[in-house]
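S.K.: Structure: work-v5.cif, mmCIF, C-alpha atoms and all ligand atoms.
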```
data_query
loop_
_atom_site.label_atom_id
_atom_site.label_comp_id
_atom_site.auth_asym_id
_atom_site.auth_seq_id
_atom_site.Cartn_x
_atom_site.Cartn_y
_atom_site.Cartn_z
CA MET Y 1 0.00 0.00 0.00
CA LEU Y 2 1.35 3.40 -0.98
CA VAL Y 3 0.20 6.58 0.72
CA PHE Y 4 0.38 10.01 -0.85
CA GLU Y 5 -0.62 13.22 0.79
CA ALA Y 6 -1.88 16.50 -0.61
CA LYS Y 7 -2.97 19.68 1.10
CA LEU Y 8 -6.58 20.73 0.66
CA GLU Y 9 -7.38 24.28 -0.33
CA GLY Y 10 -10.93 25.51 0.17
CA THR Y 11 -13.03 28.16 1.88
CA LYS Y 12 -13.64 28.59 5.60
CA GLN Y 13 -17.12 27.20 5.20
CA GLN Y 14 -15.81 24.12 3.41
CA TYR Y 15 -13.33 23.51 6.22
CA GLN Y 16 -16.20 23.71 8.67
CA SER Y 17 -17.98 20.97 6.72
CA LEU Y 18 -14.85 18.83 6.97
CA ASP Y 19 -14.79 19.53 10.71
CA GLU Y 20 -18.34 18.22 10.94
CA ALA Y 21 -17.44 15.07 9.03
CA ILE Y 22 -14.41 14.52 11.28
CA ARG Y 23 -16.51 15.10 14.38
CA THR Y 24 -19.09 12.60 13.15
CA ALA Y 25 -16.46 9.96 12.39
CA ARG Y 26 -15.22 10.37 15.94
CA PHE Y 27 -18.78 10.16 17.24
CA VAL Y 28 -19.39 6.86 15.41
CA ARG Y 29 -16.12 5.43 16.66
CA ASN Y 30 -16.90 6.37 20.24
CA ALA Y 31 -20.51 5.13 19.98
CA CYS Y 32 -19.28 1.76 18.70
CA LEU Y 33 -16.84 1.58 21.59
CA ARG Y 34 -19.64 2.37 24.06
CA TYR Y 35 -21.76 -0.36 22.45
CA TRP Y 36 -18.93 -2.85 22.87
CA MET Y 37 -18.38 -1.86 26.51
CA ASP Y 38 -22.06 -2.54 27.20
CA ASN Y 39 -22.08 -5.82 25.25
CA ARG Y 40 -18.65 -7.31 25.71
CA ASP Y 41 -19.29 -10.51 23.75
CA ILE Y 42 -19.91 -8.84 20.38
CA GLY Y 43 -17.45 -8.88 17.51
CA ARG Y 44 -16.48 -6.94 14.43
CA TYR Y 45 -19.61 -7.89 12.49
CA GLU Y 46 -22.00 -6.62 15.17
CA LEU Y 47 -20.12 -3.34 15.36
CA SER Y 48 -20.42 -2.69 11.66
CA ALA Y 49 -24.13 -3.61 11.80
CA TYR Y 50 -24.50 -1.11 14.64
CA CYS Y 51 -23.47 1.66 12.23
CA ALA Y 52 -26.74 1.22 10.38
CA VAL Y 53 -28.64 1.46 13.66
CA LEU Y 54 -26.89 4.74 14.46
CA ALA Y 55 -27.59 6.12 11.00
CA ALA Y 56 -31.30 5.28 11.29
CA ASP Y 57 -31.61 6.94 14.71
CA GLU Y 58 -33.76 10.07 14.41
CA ASN Y 59 -32.03 11.66 17.38
CA LEU Y 60 -28.71 11.53 15.60
CA PRO Y 61 -29.45 13.14 12.23
CA TRP Y 62 -25.81 13.96 11.55
CA VAL Y 63 -24.70 10.32 11.47
CA ASP Y 64 -26.73 9.69 8.35
CA LYS Y 65 -24.97 12.60 6.64
CA LEU Y 66 -21.65 10.79 6.76
CA ASN Y 67 -20.94 8.50 3.84
CA SER Y 68 -21.92 4.91 4.72
CA MET Y 69 -18.47 3.52 3.97
CA ALA Y 70 -16.89 6.21 6.10
CA ARG Y 71 -19.21 5.14 8.92
CA GLN Y 72 -17.99 1.58 8.45
CA ALA Y 73 -14.39 2.77 8.53
CA SER Y 74 -15.06 4.49 11.87
CA ALA Y 75 -16.51 1.27 13.27
CA GLU Y 76 -13.42 -0.56 12.06
CA ARG Y 77 -11.27 1.93 13.92
CA ALA Y 78 -13.16 1.17 17.12
CA TRP Y 79 -12.71 -2.52 16.43
CA SER Y 80 -8.98 -2.23 15.85
CA ALA Y 81 -8.62 -0.49 19.23
CA ILE Y 82 -10.54 -3.37 20.80
CA ALA Y 83 -8.57 -6.01 18.92
CA ARG Y 84 -5.27 -4.44 20.00
CA PHE Y 85 -6.45 -4.55 23.60
CA PHE Y 86 -7.33 -8.27 23.30
CA ASP Y 87 -3.98 -8.92 21.65
CA ASN Y 88 -2.06 -7.24 24.46
CA CYS Y 89 -4.04 -9.23 27.03
CA LYS Y 90 -3.15 -12.49 25.32
CA LYS Y 91 0.54 -11.65 25.18
CA SER Y 92 0.61 -11.19 28.99
CA LYS Y 93 3.60 -8.90 28.66
CA PRO Y 94 4.35 -6.48 31.46
CA LEU Y 95 3.28 -3.68 29.12
CA LYS Y 96 0.12 -1.67 29.51
CA LYS Y 97 -2.92 -3.43 28.15
CA GLY Y 98 -4.31 -0.30 26.53
CA TYR Y 99 -8.01 -0.56 27.33
CA PRO Y 100 -9.79 1.21 24.45
CA ARG Y 101 -10.55 4.83 25.22
CA PHE Y 102 -12.93 7.40 23.88
CA LYS Y 103 -11.40 9.93 21.54
CA LYS Y 104 -11.61 13.54 22.60
CA GLU Y 105 -11.95 16.62 20.45
CA GLN Y 106 -8.43 17.64 19.38
CA THR Y 107 -6.60 19.70 16.84
CA HIS Y 108 -5.60 16.50 15.16
CA GLY Y 109 -8.48 14.50 13.70
CA SER Y 110 -9.42 12.54 10.64
CA VAL Y 111 -12.17 10.87 8.69
CA GLU Y 112 -11.63 7.97 6.33
CA TYR Y 113 -13.55 7.41 3.13
CA LYS Y 114 -13.16 4.28 1.10
CA THR Y 115 -14.14 4.13 -2.53
CA SER Y 116 -17.22 6.35 -2.39
CA GLY Y 117 -18.17 9.76 -1.07
CA TRP Y 118 -15.40 11.50 -3.03
CA LYS Y 119 -14.39 12.07 -6.63
CA LEU Y 120 -11.19 13.21 -8.27
CA SER Y 121 -11.33 15.60 -11.20
CA VAL Y 122 -10.08 14.36 -14.58
CA ASP Y 123 -6.80 16.27 -14.24
CA ARG Y 124 -6.55 15.02 -10.63
CA ARG Y 125 -6.01 18.47 -9.24
CA TYR Y 126 -9.33 18.76 -7.47
CA ILE Y 127 -11.28 16.50 -5.16
CA THR Y 128 -14.99 16.73 -4.44
CA PHE Y 129 -16.61 15.34 -1.33
CA SER Y 130 -20.20 14.45 -2.04
CA ASP Y 131 -21.67 13.03 1.15
CA GLY Y 132 -24.26 14.73 3.37
CA PHE Y 133 -21.87 17.35 4.71
CA LYS Y 134 -21.48 18.81 1.22
CA ALA Y 135 -17.91 19.99 1.72
CA GLY Y 136 -17.65 20.43 -2.05
CA THR Y 137 -14.58 20.80 -4.25
CA PHE Y 138 -11.06 21.45 -2.94
CA LYS Y 139 -7.90 22.23 -4.81
CA LEU Y 140 -5.15 19.68 -4.12
CA TRP Y 141 -1.56 20.75 -3.52
CA GLY Y 142 1.16 18.18 -4.18
CA THR Y 143 -0.58 15.63 -6.38
CA ARG Y 144 2.13 14.93 -8.92
CA TYR Y 145 2.13 11.23 -8.01
CA LEU Y 146 -1.58 10.68 -8.39
CA HIS Y 147 -1.23 10.53 -12.16
CA PHE Y 148 0.79 7.32 -12.08
CA TYR Y 149 -2.05 5.15 -10.78
CA GLN Y 150 -5.42 3.99 -11.95
CA LEU Y 151 -8.53 5.13 -10.15
CA LYS Y 152 -9.47 1.60 -9.13
CA GLN Y 153 -6.20 1.40 -7.19
CA PHE Y 154 -7.38 4.18 -4.86
CA LYS Y 155 -8.62 2.11 -1.95
CA ARG Y 156 -9.03 4.76 0.71
CA VAL Y 157 -9.05 8.51 1.04
CA ARG Y 158 -8.42 10.01 4.42
CA VAL Y 159 -9.03 13.64 5.38
CA VAL Y 160 -6.61 14.68 8.12
CA ARG Y 161 -6.83 17.88 10.15
CA ARG Y 162 -3.57 19.26 11.52
CA ALA Y 163 -2.50 22.46 13.24
CA ASP Y 164 -1.61 24.07 9.92
CA GLY Y 165 -4.50 22.93 7.76
CA TYR Y 166 -6.37 20.09 6.13
CA TYR Y 167 -4.72 17.28 4.21
CA CYS Y 168 -5.93 14.46 2.04
CA GLN Y 169 -4.18 11.09 2.09
CA PHE Y 170 -4.61 8.66 -0.78
CA CYS Y 171 -3.98 4.99 -0.06
CA ILE Y 172 -3.07 3.23 -3.27
CA ASP Y 173 -3.05 -0.49 -3.73
CA GLN Y 174 0.37 -1.06 -5.19
CA GLU Y 175 3.33 -2.94 -3.88
CA ARG Y 176 6.56 -1.07 -4.18
CA ILE Y 177 9.49 -3.15 -5.35
CA GLU Y 178 12.79 -1.73 -6.54
CA LYS Y 179 15.79 -3.48 -8.05
CA ARG Y 180 19.15 -3.21 -6.38
CA GLU Y 181 22.54 -4.80 -6.98
CA PRO Y 182 23.82 -6.93 -4.07
CA THR Y 183 26.51 -5.04 -2.21
CA GLY Y 184 28.13 -7.97 -0.40
CA LYS Y 185 27.93 -6.04 2.85
CA THR Y 186 26.23 -6.80 6.15
CA ILE Y 187 25.74 -4.25 8.88
CA GLY Y 188 24.84 -4.11 12.57
CA LEU Y 189 23.51 -0.95 14.23
CA ASP Y 190 23.75 0.04 17.88
CA VAL Y 191 21.65 2.93 19.12
CA GLY Y 192 23.25 5.06 21.75
CA LEU Y 193 22.72 8.20 23.74
CA ASN Y 194 25.85 9.85 22.39
CA HIS Y 195 25.30 9.03 18.73
CA PHE Y 196 22.17 8.29 16.79
CA TYR Y 197 23.78 4.97 15.93
CA THR Y 198 27.17 3.28 15.63
CA ASP Y 199 27.54 0.62 12.95
CA SER Y 200 29.59 -2.57 12.94
CA GLU Y 201 32.35 -0.89 10.93
CA GLY Y 202 32.83 1.76 13.56
CA ASN Y 203 31.08 4.58 11.70
CA THR Y 204 28.83 6.83 13.72
CA VAL Y 205 25.86 8.97 12.78
CA GLU Y 206 25.25 11.95 15.02
CA ASN Y 207 21.93 12.93 16.48
CA PRO Y 208 20.40 15.40 14.08
CA ARG Y 209 21.17 18.89 15.23
CA HIS Y 210 17.92 20.41 14.05
CA LEU Y 211 16.07 18.20 16.54
CA ARG Y 212 18.16 19.66 19.34
CA LYS Y 213 17.38 23.15 18.14
CA SER Y 214 13.69 22.48 17.81
CA GLU Y 215 13.68 21.00 21.26
CA LYS Y 216 14.96 24.27 22.70
CA SER Y 217 12.40 26.41 20.95
CA LEU Y 218 9.67 23.95 21.90
CA LYS Y 219 10.59 24.38 25.54
CA ARG Y 220 10.53 28.15 25.20
CA LEU Y 221 7.11 28.11 23.56
CA GLN Y 222 5.79 25.70 26.16
CA ARG Y 223 6.86 28.07 28.92
CA ARG Y 224 5.21 31.05 27.31
CA PHE Y 225 2.07 29.03 26.66
CA SER Y 226 1.76 27.99 30.30
CA LYS Y 227 1.95 31.64 31.39
CA THR Y 228 -1.07 32.69 29.32
CA LYS Y 229 -4.48 33.01 30.91
CA LYS Y 230 -6.83 30.04 30.57
CA GLY Y 231 -9.57 30.58 28.01
CA SER Y 232 -7.93 33.72 26.62
CA LYS Y 233 -7.39 34.46 22.94
CA ASN Y 234 -3.69 34.66 23.58
CA ARG Y 235 -3.70 31.13 24.92
CA ALA Y 236 -5.47 29.82 21.84
CA LYS Y 237 -2.88 31.59 19.71
CA PHE Y 238 -0.03 29.97 21.58
CA ARG Y 239 -1.70 26.58 21.51
CA ASN Y 240 -1.73 26.75 17.74
CA LYS Y 241 1.86 27.97 17.63
CA LEU Y 242 2.94 25.11 19.84
CA ALA Y 243 1.05 22.57 17.75
CA ARG Y 244 2.65 23.92 14.58
CA LYS Y 245 6.09 23.66 16.13
CA HIS Y 246 5.43 20.05 17.12
CA LEU Y 247 4.30 19.41 13.58
CA LYS Y 248 7.50 20.89 12.23
CA VAL Y 249 9.64 18.73 14.52
CA SER Y 250 7.79 15.60 13.52
CA ARG Y 251 8.26 16.44 9.84
CA GLN Y 252 11.97 17.03 10.32
CA ARG Y 253 12.24 13.77 12.21
CA LYS Y 254 10.47 11.88 9.48
CA ASP Y 255 12.64 13.43 6.80
CA PHE Y 256 15.79 12.45 8.67
CA ALA Y 257 14.54 8.89 9.28
CA VAL Y 258 13.48 8.28 5.67
CA LYS Y 259 16.69 9.52 4.11
CA LEU Y 260 19.00 7.73 6.52
CA ALA Y 261 17.06 4.44 6.43
CA ARG Y 262 17.00 4.44 2.64
CA CYS Y 263 20.72 5.01 2.53
CA VAL Y 264 21.48 2.26 5.08
CA VAL Y 265 19.27 -0.31 3.38
CA ARG Y 266 20.56 0.42 -0.11
CA SER Y 267 24.17 -0.02 0.93
CA SER Y 268 23.93 -3.46 2.56
CA ASP Y 269 22.38 -6.90 2.07
CA LEU Y 270 21.54 -7.48 5.71
CA VAL Y 271 20.76 -4.95 8.45
CA ALA Y 272 20.69 -6.08 12.10
CA TYR Y 273 19.54 -3.83 14.94
CA GLU Y 274 18.29 -4.16 18.48
CA ASP Y 275 14.66 -4.98 19.16
CA LEU Y 276 14.21 -2.10 21.58
CA LYS Y 277 10.87 -1.67 23.26
CA VAL Y 278 10.04 1.98 23.73
CA PRO Y 279 6.48 1.83 25.02
CA ASN Y 280 6.71 4.59 27.57
CA MET Y 281 7.72 7.29 25.18
CA VAL Y 282 5.02 9.66 26.33
CA ARG Y 283 5.76 9.08 29.96
CA ASN Y 284 9.40 10.02 29.48
CA ARG Y 285 10.06 13.28 31.23
CA HIS Y 286 13.22 14.20 29.36
CA LEU Y 287 12.26 15.85 26.13
CA ALA Y 288 15.62 15.22 24.48
CA LYS Y 289 15.41 11.53 25.23
CA SER Y 290 11.85 11.21 24.06
CA ILE Y 291 12.64 12.99 20.81
CA SER Y 292 15.56 10.69 20.05
CA ASP Y 293 13.48 7.64 21.04
CA ALA Y 294 10.78 8.70 18.65
CA ALA Y 295 13.36 9.30 15.94
CA TRP Y 296 14.79 5.84 16.48
CA THR Y 297 11.41 4.08 16.39
CA GLN Y 298 10.57 5.84 13.18
CA PHE Y 299 13.99 5.08 11.68
CA ARG Y 300 13.48 1.39 12.43
CA GLN Y 301 10.08 1.37 10.77
CA TRP Y 302 11.56 2.89 7.63
CA ILE Y 303 14.45 0.40 7.69
CA GLU Y 304 11.91 -2.41 7.69
CA TYR Y 305 9.85 -0.75 4.98
CA PHE Y 306 12.82 -0.19 2.68
CA GLY Y 307 14.04 -3.71 3.49
CA LYS Y 308 10.89 -5.02 1.83
CA VAL Y 309 11.12 -2.58 -1.06
CA PHE Y 310 14.73 -3.35 -1.91
CA GLY Y 311 14.79 -7.02 -0.87
CA VAL Y 312 17.26 -6.50 1.96
CA VAL Y 313 17.16 -8.75 5.03
CA THR Y 314 16.32 -6.85 8.24
CA VAL Y 315 16.69 -8.54 11.62
CA ALA Y 316 15.67 -7.20 15.02
CA VAL Y 317 17.73 -9.03 17.63
CA SER Y 318 17.20 -9.26 21.37
CA PRO Y 319 19.22 -6.49 23.05
CA HIS Y 320 20.22 -8.89 25.83
CA GLY Y 321 23.96 -8.85 26.42
CA THR Y 322 24.88 -7.01 23.23
CA SER Y 323 26.87 -4.36 25.10
CA GLN Y 324 28.40 -6.74 27.67
CA ASP Y 325 29.76 -9.53 25.47
CA CYS Y 326 33.16 -9.31 23.82
CA SER Y 327 32.79 -9.21 20.04
CA ASN Y 328 36.15 -10.91 19.64
CA CYS Y 329 36.03 -13.89 22.02
CA GLY Y 330 32.38 -13.96 23.16
CA GLU Y 331 33.14 -13.76 26.89
CA VAL Y 332 31.00 -11.55 29.13
CA VAL Y 333 32.73 -8.34 30.20
CA LYS Y 334 30.55 -6.54 32.75
CA LYS Y 335 30.52 -2.76 32.47
CA SER Y 336 28.36 0.12 33.61
CA LEU Y 337 26.65 2.56 31.26
CA SER Y 338 29.33 5.18 31.87
CA THR Y 339 32.15 2.91 30.67
CA ARG Y 340 32.65 4.07 27.11
CA THR Y 341 35.38 1.62 26.10
CA HIS Y 342 35.18 -2.15 25.98
CA ILE Y 343 38.31 -3.73 27.41
CA CYS Y 344 38.28 -7.52 27.42
CA ASN Y 345 40.21 -9.12 30.25
CA HIS Y 346 40.03 -12.52 28.51
CA CYS Y 347 41.53 -11.80 25.10
CA GLY Y 348 42.76 -8.23 25.53
CA HIS Y 349 40.45 -6.85 22.86
CA ILE Y 350 39.93 -3.08 23.15
CA GLN Y 351 37.17 -1.29 21.25
CA ASP Y 352 34.69 1.54 21.53
CA ARG Y 353 31.71 0.34 23.54
CA ASP Y 354 29.10 1.02 20.88
CA TRP Y 355 31.21 -0.41 18.08
CA ASN Y 356 31.63 -3.61 20.07
CA ALA Y 357 27.87 -3.77 20.60
CA ALA Y 358 27.19 -3.21 16.89
CA LEU Y 359 29.45 -6.16 16.03
CA ASN Y 360 27.59 -8.37 18.51
CA ILE Y 361 24.27 -7.28 17.04
CA LEU Y 362 25.46 -8.18 13.55
CA GLU Y 363 26.72 -11.55 14.80
CA ILE Y 364 23.37 -12.43 16.42
CA GLY Y 365 21.54 -11.14 13.36
CA LEU Y 366 23.51 -13.43 11.06
CA ARG Y 367 22.82 -16.38 13.32
CA THR Y 368 19.07 -15.85 13.56
CA VAL Y 369 18.14 -15.57 9.89
CA GLY Y 370 19.00 -17.18 6.63
CA HIS Y 371 18.10 -20.80 7.34
CA THR Y 372 14.69 -20.90 5.70
CA GLY Y 373 13.85 -24.18 3.94
CA THR Y 374 17.12 -25.84 4.89
CA LEU Y 375 17.22 -29.57 5.57
CA ILE Y 376 18.99 -29.35 8.91
CA ALA Y 377 16.48 -27.80 11.24
CA SER Y 378 17.91 -28.29 14.68
CA GLY Y 379 21.46 -27.23 14.01
CA ASP Y 380 22.82 -30.63 15.11
CA ILE Y 381 24.54 -32.39 12.28
CA ASP Y 382 24.47 -36.16 12.29
CA LEU Y 383 25.76 -36.33 8.74
CA CYS Y 384 29.43 -37.09 8.67
CA MET Y 385 30.77 -34.75 6.07
CA GLY Y 386 34.11 -35.67 4.60
CA GLY Y 387 36.50 -34.94 7.40
CA GLU Y 388 34.46 -31.97 8.69
CA ILE Y 389 35.33 -31.56 12.33
CA PRO Y 390 33.19 -29.30 14.52
CA PRO Y 391 35.38 -26.49 15.85
CA SER Y 392 36.32 -26.64 19.50
CA LYS Y 393 34.48 -24.29 21.81
CA SER Y 394 37.32 -21.92 22.44
CA SER Y 395 37.76 -20.99 18.80
CA ARG Y 396 34.07 -20.64 17.99
CA GLY Y 397 33.08 -17.21 16.82
CA LYS Y 398 36.65 -16.03 16.84
CA ARG Y 399 37.40 -13.15 14.54
CA LYS Y 400 40.50 -11.61 13.25
CA SER Y 401 41.59 -8.99 15.70
CA LYS Y 402 40.77 -5.50 14.43
CA LYS Y 403 44.15 -4.10 15.22
ZN ZN D 501 37.49 -10.92 24.48
#
```
Is it possible to give me this structure as structure tokens?

M.R.:
Amino acid sequence: MLVFEAKLEGTKQQYQSLDEAIRTARFVRNACLRYWMDNRDIGRYELSAYCAVLAADENLPWVDKLNSMARQASAERAWSAIARFFDNCKKSKPLKKGYPRFKKEQTHGSVEYKTSGWKLSVDRRYITFSDGFKAGTFKLWGTRYLHFYQLKQFKRVRVVRRADGYYCQFCIDQERIEKREPTGKTIGLDVGLNHFYTDSEGNTVENPRHLRKSEKSLKRLQRRFSKTKKGSKNRAKFRNKLARKHLKVSRQRKDFAVKLARCVVRSSDLVAYEDLKVPNMVRNRHLAKSISDAAWTQFRQWIEYFGKVFGVVTVAVSPHGTSQDCSNCGEVVKKSLSTRTHICNHCGHIQDRDWNAALNILEIGLRTVGHTGTLIASGDIDLCMGGEIPPSKSSRGKRKSKK
């Protein structure tokens, strides 16, 4: 699935109609959630049937105005929140279960149409929304890509409201596959606090400076915002300013992640990285840390996306022991977080801490994948290959010393 985004240009009144549609989508989602809370044994089918009940309700005239497929999409959203909750319960991980919650009115909001309720103009520069809210025709900004696909490939159209305007996302049913020459390289990545990552060849990528800068101005804005009077016009002004700034940071972060991930994937045949769980991102009190966490999570998602596009193997390995083990001899060398250099007291190997970790990550990555469809499943060989002697334990995993 490909997603393209264009900005919508229309009149104030048209935007208000979009607001109504977004509000209604939220209403349907919340109503479905309420219905599920009252009847816990119902499933996806009952929820989507409930949409018709809502639409027929005379007390809720606005629900019927929303396109019927958009109503269904809202019910599906409620269901996916419920399904995620059930999933988390089954996993019995020490993470939060995420009991589905009602959505509140926010700056950010969206409504999803499927294949009806909207129409593109022949030149694909305008879109018309034709359901009961009568939002009418909008000019689209940034639609260059829409020309490359057939109309029947447009599976969903999502209207998204952000701090700086209204956007239209087109979800297009097309798998993206690109050809690439094998590079003969494998790479392991270690994420650190000092660098954005260190790879298994000892190269480092710094934390993007613009994120640091944005972080400072975000703090400043936040302070000024909290000094304004509640309910005042000034406060509303600052709320919007703050939201725009957040938007800018998230765009910068995305840009950084996409470019870097694309570059990393294109230049190797296998990428291994740590399977870091960052579930408490919002709870994190240190802004700098939370920004870099978010950047990392996004970077990883793009690595995995480009891995599929370019046919590059991507492996997320367990972070257990990656910084403690010696990449040269495999022995455990205990060290605290402040110890920046790995010094092995078994083989004398000395290396930067993060570089050592990146090598371990690559090693584990290479061991966990690449045995699909092989005859020997367990790893124990009872075939006696001509004179093949299993290596003794001490020499297993031994590498040439780096220096
Ligand atoms: Zn060692």

S.K.: Just give me the gap between atom CA of Arg176 of chain Y and atom CA of Ser318 of chain Y in Å, one decimal is fine.

M.R.: 28.9 Å

S.K.: In Å to one decimal, how far is atom CA of Ser110 of chain Y from atom CA of Ser226 of chain Y?

M.R.: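 Distance between the two atoms: 27.4 Å.
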
S.K.: If we count all atoms listed in the file and set the cut-off at 12 Å, which residues sit around Ser121 of chain Y, ignoring sequence neighbours fewer than 2 positions away in its own chain? Please answer as a list in words.

M.R.: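 Listed by chain and then number, they are Trp118, Lys119, Asp123, Arg124, Arg125, Tyr126, Ile127, Thr128, Phe129, Thr137, Phe138, Lys139, Leu140, Thr143, Leu146, His147 and Leu151 of chain Y.
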
S.K.: List the residues sitting within 12 Å of (4.9, 8.1, -9.8) in the file's frame, using only C-alpha atoms, as a list in words.

M.R.: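 The distance filter leaves exactly Leu2, Val3, Phe4, Thr143, Arg144, Tyr145, Leu146, His147, Phe148, Tyr149, Gln150, Ile172, Gln174 and Arg176 of chain Y.
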
S.K.: Taking 5 positions as the minimum chain separation for residues in the same chain, which residues sit within 8 Å of Leu359 of chain Y when counting all atoms listed in the file? Answer as number ranges by chain.

M.R.: Y: 188, 199-201, 327

S.K.: Using all atoms listed in the file, determine which residues lie at most 10 Å from Leu54 of chain Y, disregarding the query and same-chain residues fewer than 5 positions distant; provide the list as a ChimeraX atom specification.

M.R.: /Y:28,31-32,49,59-64,71

S.K.: Smallest atom-to-atom distance to ligand ZN 501 (chain D): which of Y:Asp325, Y:Glu58, Y:Glu112, Y:Glu5, using all atoms listed in the file?

M.R.: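 Smallest distance to ligand ZN 501 (chain D) is found for Y:Asp325.
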
S.K.: Rank Y:Gln153, Y:Gln351, Y:Gln14, Y:Thr186 by their smallest atom-to-atom distance to ligand ZN 501 (chain D), using all atoms listed in the file, and report the top residue only.

M.R.: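 For ligand ZN 501 (chain D), the nearest of the candidates is Y:Gln351.
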
S.K.: Could you give me, as a list in words, every polymer residue with an atom at most 10 Å away from an atom of ligand ZN 501 (chain D), counting all atoms listed in the file?

M.R.: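 Using all atoms listed in the file, everything at most 10 Å from ligand ZN 501 (chain D) comes to Asp325, Cys326, Ser327, Asn328, Cys329, Gly330, Glu331, Val332, Val333, His342, Ile343, Cys344, Asn345, His346, Cys347, Gly348, His349, Ile350, Lys398 and Ser401 of chain Y.
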
S.K.: Compile the contact shell of Ala83 of chain Y as a PyMOL selection string: residues with an atom at most 12 Å away, counting all atoms listed in the file, same-chain residues fewer than 2 positions apart removed.

M.R.: chain Y and resi 33+36+42-44+76-81+85-90+97-100

S.K.: Pick the closest to Arg300 of chain Y from Y:Tyr197, Y:Arg223, Y:Ser130, Y:Lys216: which is it, counting only C-alpha atoms?

M.R.: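 Between Y:Tyr197, Y:Arg223, Y:Ser130, Y:Lys216, the residue approaching Arg300 of chain Y most closely is Y:Tyr197.
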
S.K.: Could you tell me how far atom CA of Leu362 of chain Y lies from atom CA of Ala272 of chain Y, in Å and to one decimal?

M.R.: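 It comes out at 5.4 Å.
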
S.K.: So which one's closest to Gly132 of chain Y, Y:Cys51, Y:Ala21, Y:Glu9, Y:Arg84? Using all atoms listed in the file, please.

M.R.: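 With all atoms listed in the file as the atom set, the closest residue is Y:Ala21.
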
S.K.: Using all atoms listed in the file, find the one residue out of Y:Arg367, Y:Lys155, Y:Lys334, Y:Arg235 that sits nearest to Thr115 of chain Y.

M.R.: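 The closest residue to Thr115 of chain Y is Y:Lys155.
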
S.K.: Please return as a ChimeraX atom specification every residue within 7 Å of (25.9, 13.2, 18.9), taking into account all atoms listed in the file and the file's own coordinates.

M.R.: /Y:194-196,206-207

S.K.: Quick one: of Y:Ala257, Y:Cys168, Y:Leu337, Y:Leu366, who's nearest to Gly192 of chain Y, counting only C-alpha atoms?

M.R.: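 Counting only C-alpha atoms, the residue closest to Gly192 of chain Y is Y:Leu337.
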
S.K.: Residues near Asn67 of chain Y, anyone? I mean within 9 Å using all atoms listed in the file, not counting same-chain ones fewer than 5 positions away, as an NGL selection string.

M.R.: :Y and (72 or 113 or 116-117 or 130-133)

S.K.: Hey, could you pull the box centre and edge lengths for segment 34-37 of chain Y, axis-aligned, 4 Å padding per side, all listed atoms, to one decimal in Å, as lines of an AutoDock Vina configuration file?

M.R.:
```
center_x = -20.1
center_y = -0.2
center_z = 24.5
size_x = 11.4
size_y = 13.2
size_z = 12.1
```
